[in-house]
file data_16.pdb (PDB, C-alpha atoms and all ligand atoms)
ATOM      1  CA  MET A  14      20.849  39.923  15.582
ATOM      2  CA  ASP A  15      17.148  40.577  15.319
ATOM      3  CA  ASN A  16      15.824  40.963  18.820
ATOM      4  CA  LYS A  17      12.185  40.380  18.037
ATOM      5  CA  TYR A  18      12.879  36.643  18.194
ATOM      6  CA  LYS A  19      14.317  37.008  21.664
ATOM      7  CA  SER A  20      11.525  38.579  23.702
ATOM      8  CA  VAL A  21       9.170  35.672  24.072
ATOM      9  CA  PRO A  22       6.518  36.120  26.760
ATOM     10  CA  VAL A  23       4.991  32.950  28.131
ATOM     11  CA  LEU A  24       1.715  32.310  26.324
ATOM     12  CA  PRO A  25      -1.049  34.016  28.331
ATOM     13  CA  SER A  26      -3.116  30.846  28.568
ATOM     14  CA  GLU A  27      -0.307  28.808  30.035
ATOM     15  CA  ILE A  28      -0.664  27.716  33.640
ATOM     16  CA  THR A  29       2.774  27.984  35.177
ATOM     17  CA  PRO A  30       3.951  28.261  38.778
ATOM     18  CA  LYS A  31       5.481  31.663  39.387
ATOM     19  CA  SER A  32       8.911  30.282  40.277
ATOM     20  CA  LEU A  33       9.108  28.471  36.949
ATOM     21  CA  TYR A  34       7.946  31.561  35.124
ATOM     22  CA  LEU A  35      10.721  33.620  36.676
ATOM     23  CA  SER A  36      13.374  31.062  35.852
ATOM     24  CA  ARG A  37      12.086  31.093  32.269
ATOM     25  CA  ARG A  38      12.603  34.828  32.053
ATOM     26  CA  ASP A  39      16.155  34.393  33.292
ATOM     27  CA  PHE A  40      16.574  31.638  30.758
ATOM     28  CA  ILE A  41      15.389  33.837  27.923
ATOM     29  CA  LYS A  42      17.873  36.506  28.974
ATOM     30  CA  ALA A  43      20.657  33.922  28.970
ATOM     31  CA  ALA A  44      19.559  32.627  25.586
ATOM     32  CA  GLY A  45      19.669  36.193  24.282
ATOM     33  CA  LEU A  46      23.277  36.569  25.404
ATOM     34  CA  ALA A  47      24.244  33.312  23.759
ATOM     35  CA  ALA A  48      22.500  34.204  20.527
ATOM     36  CA  GLY A  49      25.296  36.251  18.962
ATOM     37  CA  SER A  50      27.844  33.482  19.192
ATOM     38  CA  ALA A  51      25.311  30.834  18.146
ATOM     39  CA  LEU A  52      24.715  32.817  14.983
ATOM     40  CA  LEU A  53      28.436  32.873  14.235
ATOM     41  CA  ALA A  54      28.590  29.134  14.844
ATOM     42  CA  ALA A  55      25.827  28.653  12.295
ATOM     43  CA  CYS A  56      28.106  30.157   9.617
ATOM     44  CA  ALA A  57      30.953  27.769  10.425
ATOM     45  CA  PRO A  58      31.693  25.246   7.694
ATOM     46  CA  GLN A  59      30.757  22.191   9.721
ATOM     47  CA  VAL A  60      28.064  21.340  12.210
ATOM     48  CA  THR A  61      29.391  19.238  15.030
ATOM     49  CA  ALA A  62      27.542  17.236  17.637
ATOM     50  CA  THR A  63      30.044  18.300  20.294
ATOM     51  CA  PRO A  64      28.510  20.586  22.916
ATOM     52  CA  SER A  65      30.081  24.016  22.598
ATOM     53  CA  ALA A  66      30.278  26.940  24.973
ATOM     54  CA  SER A  67      28.128  28.988  22.616
ATOM     55  CA  ALA A  68      25.140  26.633  22.613
ATOM     56  CA  PRO A  69      22.111  28.052  24.433
ATOM     57  CA  GLN A  70      21.803  26.620  27.936
ATOM     58  CA  ALA A  71      18.687  25.218  29.578
ATOM     59  CA  ASN A  72      19.314  26.772  33.025
ATOM     60  CA  GLY A  73      17.438  24.057  34.855
ATOM     61  CA  GLN A  74      14.187  24.372  32.940
ATOM     62  CA  THR A  75      11.769  21.463  33.226
ATOM     63  CA  ASP A  76       8.400  20.490  31.845
ATOM     64  CA  GLU A  77       5.338  20.479  34.145
ATOM     65  CA  LEU A  78       6.198  16.910  35.217
ATOM     66  CA  GLY A  79       9.631  18.014  36.405
ATOM     67  CA  ASP A  80      11.568  16.470  33.518
ATOM     68  CA  PRO A  81      14.534  18.581  32.363
ATOM     69  CA  VAL A  82      14.545  19.979  28.839
ATOM     70  CA  ASN A  83      16.919  18.232  26.448
ATOM     71  CA  THR A  84      20.108  19.999  25.446
ATOM     72  CA  PHE A  85      20.122  22.296  22.414
ATOM     73  CA  GLU A  86      22.730  19.971  20.890
ATOM     74  CA  ASP A  87      20.490  16.892  21.210
ATOM     75  CA  ILE A  88      17.412  18.698  19.940
ATOM     76  CA  THR A  89      19.217  19.989  16.840
ATOM     77  CA  ASN A  90      21.366  16.941  16.018
ATOM     78  CA  TYR A  91      18.969  13.995  16.385
ATOM     79  CA  ASN A  92      16.102  14.586  13.983
ATOM     80  CA  ASN A  93      13.585  12.917  11.743
ATOM     81  CA  TYR A  94      13.368  14.986   8.579
ATOM     82  CA  TYR A  95      13.112  12.630   5.617
ATOM     83  CA  GLU A  96      13.228  15.455   3.065
ATOM     84  CA  PHE A  97      16.950  15.640   3.888
ATOM     85  CA  THR A  98      17.899  12.129   4.990
ATOM     86  CA  THR A  99      16.597   9.200   7.016
ATOM     87  CA  ASP A 100      19.791   9.367   9.113
ATOM     88  CA  LYS A 101      18.858  11.205  12.306
ATOM     89  CA  GLN A 102      22.389  12.503  12.852
ATOM     90  CA  GLY A 103      22.669  13.444   9.184
ATOM     91  CA  VAL A 104      19.824  15.953   9.126
ATOM     92  CA  ALA A 105      21.813  18.745  10.811
ATOM     93  CA  PRO A 106      24.722  18.786   8.317
ATOM     94  CA  MET A 107      22.467  18.122   5.299
ATOM     95  CA  SER A 108      20.047  20.945   6.154
ATOM     96  CA  GLN A 109      22.686  23.557   6.880
ATOM     97  CA  LYS A 110      22.239  25.460   3.631
ATOM     98  CA  PHE A 111      18.444  25.232   3.493
ATOM     99  CA  ALA A 112      17.039  28.733   2.796
ATOM    100  CA  SER A 113      14.251  29.443   5.271
ATOM    101  CA  SER A 114      13.998  33.074   4.178
ATOM    102  CA  PRO A 115      12.125  34.518   2.337
ATOM    103  CA  TRP A 116       9.152  32.352   3.342
ATOM    104  CA  THR A 117       5.408  32.554   2.932
ATOM    105  CA  VAL A 118       2.570  30.465   4.352
ATOM    106  CA  GLU A 119      -0.627  30.275   2.327
ATOM    107  CA  VAL A 120      -3.745  29.886   4.488
ATOM    108  CA  GLY A 121      -6.895  29.106   2.527
ATOM    109  CA  GLY A 122      -9.558  26.605   1.595
ATOM    110  CA  LEU A 123     -12.880  26.832   3.464
ATOM    111  CA  VAL A 124     -12.242  30.200   5.148
ATOM    112  CA  ASN A 125     -13.773  33.672   4.875
ATOM    113  CA  ASN A 126     -10.411  35.472   4.847
ATOM    114  CA  PRO A 127      -7.800  33.517   2.895
ATOM    115  CA  LYS A 128      -4.378  35.076   3.215
ATOM    116  CA  THR A 129      -0.745  34.483   2.320
ATOM    117  CA  TYR A 130       1.492  35.551   5.204
ATOM    118  CA  GLY A 131       5.149  36.406   5.076
ATOM    119  CA  ILE A 132       6.949  34.744   7.991
ATOM    120  CA  GLU A 133       7.719  38.228   9.396
ATOM    121  CA  ASP A 134       3.956  39.036   9.463
ATOM    122  CA  LEU A 135       3.284  35.878  11.442
ATOM    123  CA  LEU A 136       6.023  36.663  13.951
ATOM    124  CA  LYS A 137       4.783  40.214  14.402
ATOM    125  CA  LYS A 138       1.076  39.566  14.381
ATOM    126  CA  PHE A 139       0.684  36.563  16.680
ATOM    127  CA  THR A 140       1.947  36.774  20.256
ATOM    128  CA  GLN A 141       5.062  34.666  20.552
ATOM    129  CA  GLY A 142       5.253  32.585  23.703
ATOM    130  CA  GLU A 143       7.212  29.691  25.129
ATOM    131  CA  ARG A 144       5.902  26.177  25.773
ATOM    132  CA  ILE A 145       7.918  23.264  27.089
ATOM    133  CA  TYR A 146       6.517  20.069  25.550
ATOM    134  CA  ARG A 147       7.454  16.417  25.417
ATOM    135  CA  LEU A 148       7.885  15.100  21.853
ATOM    136  CA  ARG A 149       7.238  11.349  21.582
ATOM    137  CA  CYS A 150       8.389   9.682  18.371
ATOM    138  CA  VAL A 151       6.648   6.463  17.284
ATOM    139  CA  GLU A 152      10.156   4.920  17.226
ATOM    140  CA  ALA A 153       9.865   5.028  21.040
ATOM    141  CA  TRP A 154      12.284   7.827  21.879
ATOM    142  CA  SER A 155      11.320  11.185  23.307
ATOM    143  CA  MET A 156      12.672  14.626  24.107
ATOM    144  CA  VAL A 157      11.592  17.675  26.094
ATOM    145  CA  ILE A 158      11.747  20.796  23.941
ATOM    146  CA  PRO A 159      11.230  24.478  24.854
ATOM    147  CA  TRP A 160       9.364  25.763  21.803
ATOM    148  CA  THR A 161       8.490  29.324  20.974
ATOM    149  CA  GLY A 162       5.568  30.149  18.755
ATOM    150  CA  PHE A 163       1.850  30.853  18.825
ATOM    151  CA  THR A 164      -1.325  28.815  18.967
ATOM    152  CA  LEU A 165      -2.686  27.540  15.666
ATOM    153  CA  ALA A 166      -6.093  28.670  17.004
ATOM    154  CA  SER A 167      -4.999  32.326  16.945
ATOM    155  CA  LEU A 168      -4.210  32.073  13.232
ATOM    156  CA  LEU A 169      -7.347  30.078  12.385
ATOM    157  CA  LYS A 170      -9.550  32.624  14.178
ATOM    158  CA  GLU A 171      -8.169  35.332  11.934
ATOM    159  CA  VAL A 172      -8.891  33.506   8.663
ATOM    160  CA  GLU A 173     -12.346  32.420   9.926
ATOM    161  CA  PRO A 174     -13.077  28.815   8.926
ATOM    162  CA  THR A 175     -16.541  28.488   7.345
ATOM    163  CA  SER A 176     -19.129  26.100   8.817
ATOM    164  CA  ASP A 177     -18.151  23.508   6.166
ATOM    165  CA  ALA A 178     -14.556  23.310   7.422
ATOM    166  CA  LYS A 179     -14.043  20.131   9.462
ATOM    167  CA  PHE A 180     -10.307  19.392   9.081
ATOM    168  CA  VAL A 181      -7.040  21.272   8.604
ATOM    169  CA  ARG A 182      -4.465  20.105   6.088
ATOM    170  CA  PHE A 183      -0.780  21.103   6.254
ATOM    171  CA  GLU A 184       1.883  20.861   3.583
ATOM    172  CA  THR A 185       5.696  21.007   3.764
ATOM    173  CA  VAL A 186       7.774  22.914   1.206
ATOM    174  CA  TYR A 187       8.754  20.945  -1.923
ATOM    175  CA  ARG A 188      12.299  21.811  -3.072
ATOM    176  CA  PRO A 189      14.089  18.694  -4.308
ATOM    177  CA  ASP A 190      17.172  20.711  -5.258
ATOM    178  CA  GLU A 191      17.666  21.732  -1.634
ATOM    179  CA  MET A 192      16.142  18.634  -0.053
ATOM    180  CA  PRO A 193      17.784  15.551  -1.555
ATOM    181  CA  GLY A 194      15.406  13.124   0.163
ATOM    182  CA  GLN A 195      12.619  14.507  -2.032
ATOM    183  CA  LYS A 196      14.369  13.030  -5.067
ATOM    184  CA  SER A 197      13.378   9.581  -3.827
ATOM    185  CA  GLY A 198      10.296   8.431  -5.707
ATOM    186  CA  PHE A 199       9.456   6.000  -2.911
ATOM    187  CA  TYR A 200       7.828   8.663  -0.727
ATOM    188  CA  PRO A 201       4.628  10.601  -1.537
ATOM    189  CA  TRP A 202       6.105  14.138  -1.495
ATOM    190  CA  PRO A 203       5.350  16.738  -0.417
ATOM    191  CA  TYR A 204       4.942  15.691   3.226
ATOM    192  CA  GLN A 205       1.415  16.434   4.335
ATOM    193  CA  GLU A 206      -0.468  16.126   7.600
ATOM    194  CA  GLY A 207      -3.882  16.829   9.020
ATOM    195  CA  LEU A 208      -5.873  17.506  12.161
ATOM    196  CA  ARG A 209      -9.559  17.546  12.937
ATOM    197  CA  LEU A 210     -10.703  21.153  13.431
ATOM    198  CA  ASP A 211     -11.275  20.754  17.190
ATOM    199  CA  GLU A 212      -7.763  19.287  17.583
ATOM    200  CA  ALA A 213      -6.372  22.189  15.587
ATOM    201  CA  MET A 214      -8.214  24.688  17.814
ATOM    202  CA  ASN A 215      -7.020  23.077  21.073
ATOM    203  CA  ASP A 216      -4.853  25.406  23.104
ATOM    204  CA  LEU A 217      -1.944  22.907  23.158
ATOM    205  CA  THR A 218      -1.573  22.969  19.356
ATOM    206  CA  LEU A 219       1.227  25.302  18.303
ATOM    207  CA  LEU A 220       2.757  26.753  15.223
ATOM    208  CA  ALA A 221       6.341  26.842  16.471
ATOM    209  CA  THR A 222       8.748  29.423  15.084
ATOM    210  CA  GLY A 223      11.690  28.730  17.352
ATOM    211  CA  LEU A 224      13.185  26.751  20.210
ATOM    212  CA  TYR A 225      15.534  27.615  23.091
ATOM    213  CA  GLY A 226      14.736  31.280  22.339
ATOM    214  CA  GLU A 227      16.374  30.940  18.896
ATOM    215  CA  PRO A 228      14.659  31.153  15.506
ATOM    216  CA  MET A 229      13.690  27.619  14.430
ATOM    217  CA  PRO A 230      16.874  25.685  13.511
ATOM    218  CA  ASN A 231      16.793  24.083  10.045
ATOM    219  CA  PRO A 232      16.838  20.462  11.308
ATOM    220  CA  ASN A 233      13.702  21.144  13.382
ATOM    221  CA  GLY A 234      11.634  22.595  10.533
ATOM    222  CA  ALA A 235      12.637  26.219   9.930
ATOM    223  CA  PRO A 236      11.056  28.661   9.817
ATOM    224  CA  ILE A 237       7.683  27.339  11.041
ATOM    225  CA  ARG A 238       6.338  23.894  11.979
ATOM    226  CA  LEU A 239       3.406  22.341  13.739
ATOM    227  CA  VAL A 240       3.689  20.946  17.289
ATOM    228  CA  VAL A 241       0.934  18.629  18.550
ATOM    229  CA  PRO A 242       2.385  17.204  21.780
ATOM    230  CA  TRP A 243      -0.228  14.508  22.532
ATOM    231  CA  LYS A 244       0.305  12.814  19.161
ATOM    232  CA  TYR A 245       3.261  10.860  17.785
ATOM    233  CA  GLY A 246       6.012  13.123  16.476
ATOM    234  CA  PHE A 247       5.279  12.578  12.789
ATOM    235  CA  LYS A 248       2.045  14.593  13.097
ATOM    236  CA  SER A 249       4.185  17.664  13.909
ATOM    237  CA  ILE A 250       4.921  18.584  10.293
ATOM    238  CA  LYS A 251       7.948  20.766   9.535
ATOM    239  CA  SER A 252       8.650  23.754   7.248
ATOM    240  CA  ILE A 253       5.007  24.496   6.431
ATOM    241  CA  VAL A 254       4.095  26.469   3.291
ATOM    242  CA  LYS A 255       0.381  25.728   3.108
ATOM    243  CA  ILE A 256      -2.500  25.423   5.583
ATOM    244  CA  GLU A 257      -5.849  24.507   4.106
ATOM    245  CA  LEU A 258      -9.276  24.181   5.746
ATOM    246  CA  VAL A 259     -11.140  21.239   4.208
ATOM    247  CA  ALA A 260     -14.415  19.335   4.616
ATOM    248  CA  GLU A 261     -13.041  15.766   4.472
ATOM    249  CA  GLN A 262     -10.311  14.014   6.445
ATOM    250  CA  PRO A 263      -7.139  14.747   4.442
ATOM    251  CA  ALA A 264      -4.572  12.203   3.310
ATOM    252  CA  THR A 265      -1.371  12.152   5.373
ATOM    253  CA  PHE A 266       2.179  11.183   4.413
ATOM    254  CA  TRP A 267       2.645   8.202   6.748
ATOM    255  CA  ASN A 268      -0.927   6.970   6.450
ATOM    256  CA  ASP A 269      -0.501   6.903   2.652
ATOM    257  CA  LEU A 270       2.673   4.847   3.004
ATOM    258  CA  ALA A 271       1.523   2.325   5.621
ATOM    259  CA  PRO A 272      -2.083   2.711   6.802
ATOM    260  CA  ASP A 273      -1.868  -0.307   9.148
ATOM    261  CA  GLU A 274       1.047   1.273  10.952
ATOM    262  CA  TYR A 275       0.075   4.944  11.017
ATOM    263  CA  GLY A 276      -3.483   6.092  11.590
ATOM    264  CA  PHE A 277      -4.889   9.546  11.010
ATOM    265  CA  TYR A 278      -5.266  10.269  14.726
ATOM    266  CA  SER A 279      -1.991   8.810  16.017
ATOM    267  CA  ASN A 280      -2.600   9.860  19.593
ATOM    268  CA  VAL A 281       0.176   8.580  21.846
ATOM    269  CA  ASN A 282      -1.301   5.360  23.217
ATOM    270  CA  PRO A 283       0.785   2.861  25.231
ATOM    271  CA  ALA A 284      -2.089   0.356  24.976
ATOM    272  CA  ARG A 285      -1.812   0.050  21.216
ATOM    273  CA  SER A 286       1.476  -1.220  19.830
ATOM    274  CA  HIS A 287       2.804  -0.256  16.447
ATOM    275  CA  PRO A 288       3.434  -3.481  14.473
ATOM    276  CA  ARG A 289       7.208  -2.972  14.774
ATOM    277  CA  TRP A 290       7.589  -1.035  18.029
ATOM    278  CA  SER A 291       5.869  -1.546  21.352
ATOM    279  CA  GLN A 292       4.567   1.799  22.566
ATOM    280  CA  THR A 293       4.480   0.938  26.276
ATOM    281  CA  THR A 294       7.863   2.489  27.091
ATOM    282  CA  GLU A 295      10.222   5.033  25.620
ATOM    283  CA  ARG A 296      13.808   6.183  25.881
ATOM    284  CA  ARG A 297      14.264   9.823  26.763
ATOM    285  CA  ILE A 298      17.203  11.042  24.673
ATOM    286  CA  GLY A 299      20.064  11.704  27.088
ATOM    287  CA  GLU A 300      18.919   9.076  29.622
ATOM    288  CA  PHE A 301      19.840   5.400  29.953
ATOM    289  CA  SER A 302      16.825   3.654  31.423
ATOM    290  CA  ARG A 303      13.445   3.490  29.759
ATOM    291  CA  ARG A 304      10.348   5.106  31.159
ATOM    292  CA  ALA A 305       6.625   4.343  30.828
ATOM    293  CA  THR A 306       4.829   6.072  27.981
ATOM    294  CA  LEU A 307       1.815   8.053  29.192
ATOM    295  CA  PRO A 308      -1.573   8.042  27.446
ATOM    296  CA  PHE A 309      -1.810  11.137  25.241
ATOM    297  CA  ASN A 310       1.875  11.656  26.115
ATOM    298  CA  GLY A 311       0.757  13.007  29.511
ATOM    299  CA  TYR A 312      -1.648  15.621  28.112
ATOM    300  CA  GLY A 313      -4.864  13.632  28.687
ATOM    301  CA  GLU A 314      -6.422  16.236  30.969
ATOM    302  CA  GLN A 315      -6.368  18.777  28.160
ATOM    303  CA  VAL A 316      -7.301  16.535  25.222
ATOM    304  CA  ALA A 317      -8.918  13.187  26.207
ATOM    305  CA  HIS A 318     -12.385  14.774  25.919
ATOM    306  CA  LEU A 319     -11.810  15.345  22.192
ATOM    307  CA  TYR A 320     -12.164  11.588  21.714
ATOM    308  CA  ASP A 321     -15.201  10.854  23.886
ATOM    309  CA  GLY A 322     -17.195   8.049  22.313
ATOM    310  CA  MET A 323     -14.373   6.947  19.997
ATOM    311  CA  ASP A 324     -12.657   3.557  20.266
ATOM    312  CA  LEU A 325      -9.012   4.589  20.123
ATOM    313  CA  MET A 326      -7.881   1.012  19.462
ATOM    314  CA  VAL A 327      -9.816   1.165  16.193
ATOM    315  CA  GLU A 328      -9.376   4.858  15.363
ATOM    316  CA  TYR A 329      -5.648   4.877  16.030
TER     317      TYR A 329
HETATM  318  N1  LIG B 401       8.155  17.570   6.787
HETATM  319  C1  LIG B 401       8.482  16.690   7.734
HETATM  320  N2  LIG B 401       8.002  16.855   8.983
HETATM  321  C2  LIG B 401       8.322  15.965   9.958
HETATM  322  C3  LIG B 401       9.127  14.823   9.672
HETATM  323  C4  LIG B 401       9.642  14.688   8.338
HETATM  324  O1  LIG B 401      10.354  13.731   7.999
HETATM  325  N3  LIG B 401       9.291  15.641   7.407
HETATM  326  N4  LIG B 401       9.412  13.906  10.677
HETATM  327  C5  LIG B 401       8.430  13.831  11.790
HETATM  328  C6  LIG B 401       8.857  12.955  12.873
HETATM  329  S1  LIG B 401       8.777  11.274  12.580
HETATM  330  C7  LIG B 401       9.226  13.437  14.097
HETATM  331  S2  LIG B 401       9.553  12.380  15.388
HETATM  332  C8  LIG B 401       9.375  14.899  14.321
HETATM  333  C9  LIG B 401      10.788  15.187  14.833
HETATM  334  O2  LIG B 401      10.915  16.540  15.179
HETATM  335  P1  LIG B 401      12.323  17.093  15.672
HETATM  336  O3  LIG B 401      13.369  16.677  14.672
HETATM  337  O4  LIG B 401      12.173  18.580  15.771
HETATM  338  O5  LIG B 401      12.588  16.464  17.027
HETATM  339  O6  LIG B 401       9.165  15.670  13.134
HETATM  340  C10 LIG B 401       8.102  15.231  12.320
HETATM  341  N5  LIG B 401       7.865  16.170  11.237
HETATM  342 MO    MO B 402       8.878  10.246  14.659
END

call {"tool": "encode", "arguments": {"input": "data_16.pdb", "output": "structure tokens"}}
result
Amino acid sequence: MDNKYKSVPVLPSEITPKSLYLSRRDFIKAAGLAAGSALLAACAPQVTATPSASAPQANGQTDELGDPVNTFEDITNYNNYYEFTTDKQGVAPMSQKFASSPWTVEVGGLVNNPKTYGIEDLLKKFTQGERIYRLRCVEAWSMVIPWTGFTLASLLKEVEPTSDAKFVRFETVYRPDEMPGQKSGFYPWPYQEGLRLDEAMNDLTLLATGLYGEPMPNPNGAPIRLVVPWKYGFKSIKSIVKIELVAEQPATFWNDLAPDEYGFYSNVNPARSHPRWSQTTERRIGEFSRRATLPFNGYGEQVAHLYDGMDLMVEY
């Protein structure tokens, strides 16, 4: 077991009460102990949705609103990852053999220092920390997930966007032989996403390389994916191979498919319903009753200012 994935300091910029911080350290220790058996389980012939003794435990961790993190089993067995299948429970078994190593991420476009990073370079070079974020899917379910990773800003600072760079474009790996969903001609593969540069530089925006103190599981976008917690889940693109700084707003996968349903910004907004799903409430996976959806998924204090002067009913 490679221990460099296990020692994950809390990101320095994170504001966390000391008691929570300490319980996180205990949690990371516990996750480290569980890691050996989890690795063995990953080699077993079948993935099962049954909680097992070897699954990493949450140890009472909560987000900053006091909501408990979802179980490792829920987070890794209920997924949207259309490259494999549109069946949320099917992603885990279908992605089991996906090869997330070796892996490189090409960072280029309008930057002074374009560079192709091996995943090991990224893990070594950028301080790995833990962030507990809510993920709100546009299908009106949500989860609380303890991610590990680093801020996208730390990577962008190193490649130095030029003054012409206004947006960041992300692209998922294209491997139809390993990802059967990509054989469907209906979808505009490869999956792509985009952020405005100031959104990309916001301290909340992560490149996540793991969760629950484990390297990123395949169903969640191994080995590296974006996490933008104030936007609908589909903005958080998985298994990234390319990051490009560009001058114009880039095309995105879901906007290409159905522009009336999925805007470029896609900030979580209970006041604006999706044509097929109201966005006023959501079901937290693992709970029975619905809860109110919060503007910007509860992260308004950190990000609402990015949209000053914009009409978010129009620029959805
Ligand atoms: N490449 C890629 N990224 C993707 C998706 C996908 O189908 N392909 N699904 C998105 C959607 S709709 C959601 S809700 C989140 C789900 O992330 P999770 O499975 O880790 O919870 O991933 C997003 N990232
Ligand atoms: Mo989603």

call {"tool": "atom_distance", "arguments": {"input": "data_16.pdb", "atom1": "CA of Met107 (chain A)", "atom2": "CA of Met192 (chain A)"}}
result
8.3 Å

call {"tool": "closest_residue", "arguments": {"input": "data_16.pdb", "among": "A:Thr117, A:Thr140, A:Ser279, A:Ser108", "to": "Lys255 (chain A)", "atoms": "only C-alpha atoms"}}
result
A:Thr117

call {"tool": "closest_residue", "arguments": {"input": "data_16.pdb", "among": "A:Lys244, A:Arg238, A:Arg303, A:Lys138", "to": "Tyr275 (chain A)", "atoms": "only C-alpha atoms"}}
result
A:Lys244

call {"tool": "closest_residue", "arguments": {"input": "data_16.pdb", "among": "A:Gly207, A:Gly131, A:Ala71, A:Ile88", "to": "Lys101 (chain A)", "atoms": "all atoms listed in the file"}}
result
A:Ile88

call {"tool": "residues_near_ligand", "arguments": {"input": "data_16.pdb", "ligand": "ligand LIG 401 (chain B)", "cutoff": "6 Å", "atoms": "only C-alpha atoms and all ligand atoms", "output": "ChimeraX atom specification"}}
result
/A:92-96,150,185,204,233,246-247,249-251

call {"tool": "resolve_selection", "arguments": {"input": "data_16.pdb", "expression": "the PyMOL selection byres (((chain A and resi 256) around 12) and not hetatm)", "output": "number ranges by chain"}}
result
A: 117-124, 127-130, 165, 168-169, 172, 174, 180-186, 205-208, 213, 220, 237-239, 250, 252-255, 257-259, 263

call {"tool": "atom_distance", "arguments": {"input": "data_16.pdb", "atom1": "CA of Tyr200 (chain A)", "atom2": "CA of Asn268 (chain A)"}}
result
11.4 Å

call {"tool": "resolve_selection", "arguments": {"input": "data_16.pdb", "expression": "the PyMOL selection byres (((chain A and resi 110) around 10) and not hetatm)", "output": "short mmCIF file (atom, residue, chain, number, x, y, z; two decimals) with C-alpha atoms, in the coordinates of the input"}}
result
data_model
loop_
_atom_site.label_atom_id
_atom_site.label_comp_id
_atom_site.auth_asym_id
_atom_site.auth_seq_id
_atom_site.Cartn_x
_atom_site.Cartn_y
_atom_site.Cartn_z
CA ALA A 55 25.83 28.65 12.30
CA CYS A 56 28.11 30.16 9.62
CA ALA A 105 21.81 18.74 10.81
CA PRO A 106 24.72 18.79 8.32
CA MET A 107 22.47 18.12 5.30
CA SER A 108 20.05 20.94 6.15
CA GLN A 109 22.69 23.56 6.88
CA PHE A 111 18.44 25.23 3.49
CA ALA A 112 17.04 28.73 2.80
CA SER A 113 14.25 29.44 5.27
CA GLU A 191 17.67 21.73 -1.63
CA MET A 192 16.14 18.63 -0.05
CA ASN A 231 16.79 24.08 10.04
#

call {"tool": "closest_residue", "arguments": {"input": "data_16.pdb", "among": "A:Lys248, A:Lys196, A:Arg209, A:Lys179", "to": "ligand MO 402 (chain B)", "atoms": "only C-alpha atoms and all ligand atoms"}}
result
A:Lys248

call {"tool": "decode", "arguments": {"input": "data_16.pdb", "residues": "region 193-204 of chain A", "atoms": "N, CA and C atoms", "output": "JSON list (two decimals), in the first residue's frame"}}
result
[["chain", "number", "residue", "atom", "x", "y", "z"],
["A", 193, "PRO", "N", -17.81, 1.37, -22.29],
["A", 193, "PRO", "CA", -18.79, 0.99, -23.31],
["A", 193, "PRO", "C", -19.80, 2.08, -23.64],
["A", 194, "GLY", "N", -20.08, 2.96, -22.69],
["A", 194, "GLY", "CA", -21.04, 4.04, -22.95],
["A", 194, "GLY", "C", -20.56, 4.95, -24.08],
["A", 195, "GLN", "N", -19.23, 5.02, -24.26],
["A", 195, "GLN", "CA", -18.68, 5.89, -25.30],
["A", 195, "GLN", "C", -18.89, 5.32, -26.70],
["A", 196, "LYS", "N", -19.42, 4.09, -26.78],
["A", 196, "LYS", "CA", -19.74, 3.54, -28.10],
["A", 196, "LYS", "C", -21.08, 4.06, -28.59],
["A", 197, "SER", "N", -21.84, 4.70, -27.71],
["A", 197, "SER", "CA", -23.12, 5.26, -28.12],
["A", 197, "SER", "C", -22.89, 6.56, -28.87],
["A", 198, "GLY", "N", -23.36, 6.59, -30.11],
["A", 198, "GLY", "CA", -23.20, 7.79, -30.94],
["A", 198, "GLY", "C", -24.13, 8.92, -30.55],
["A", 199, "PHE", "N", -25.04, 8.66, -29.61],
["A", 199, "PHE", "CA", -26.00, 9.69, -29.21],
["A", 199, "PHE", "C", -25.32, 10.84, -28.46],
["A", 200, "TYR", "N", -24.27, 10.52, -27.70],
["A", 200, "TYR", "CA", -23.64, 11.53, -26.85],
["A", 200, "TYR", "C", -22.40, 12.14, -27.51],
["A", 201, "PRO", "N", -22.14, 13.42, -27.26],
["A", 201, "PRO", "CA", -20.99, 14.10, -27.87],
["A", 201, "PRO", "C", -19.69, 13.85, -27.10],
["A", 202, "TRP", "N", -19.17, 12.62, -27.18],
["A", 202, "TRP", "CA", -17.90, 12.28, -26.51],
["A", 202, "TRP", "C", -16.73, 12.98, -27.16],
["A", 203, "PRO", "N", -15.67, 13.22, -26.42],
["A", 203, "PRO", "CA", -15.52, 12.98, -24.98],
["A", 203, "PRO", "C", -16.28, 14.02, -24.16],
["A", 204, "TYR", "N", -16.64, 13.64, -22.93],
["A", 204, "TYR", "CA", -17.27, 14.54, -21.98],
["A", 204, "TYR", "C", -16.37, 15.75, -21.81]]
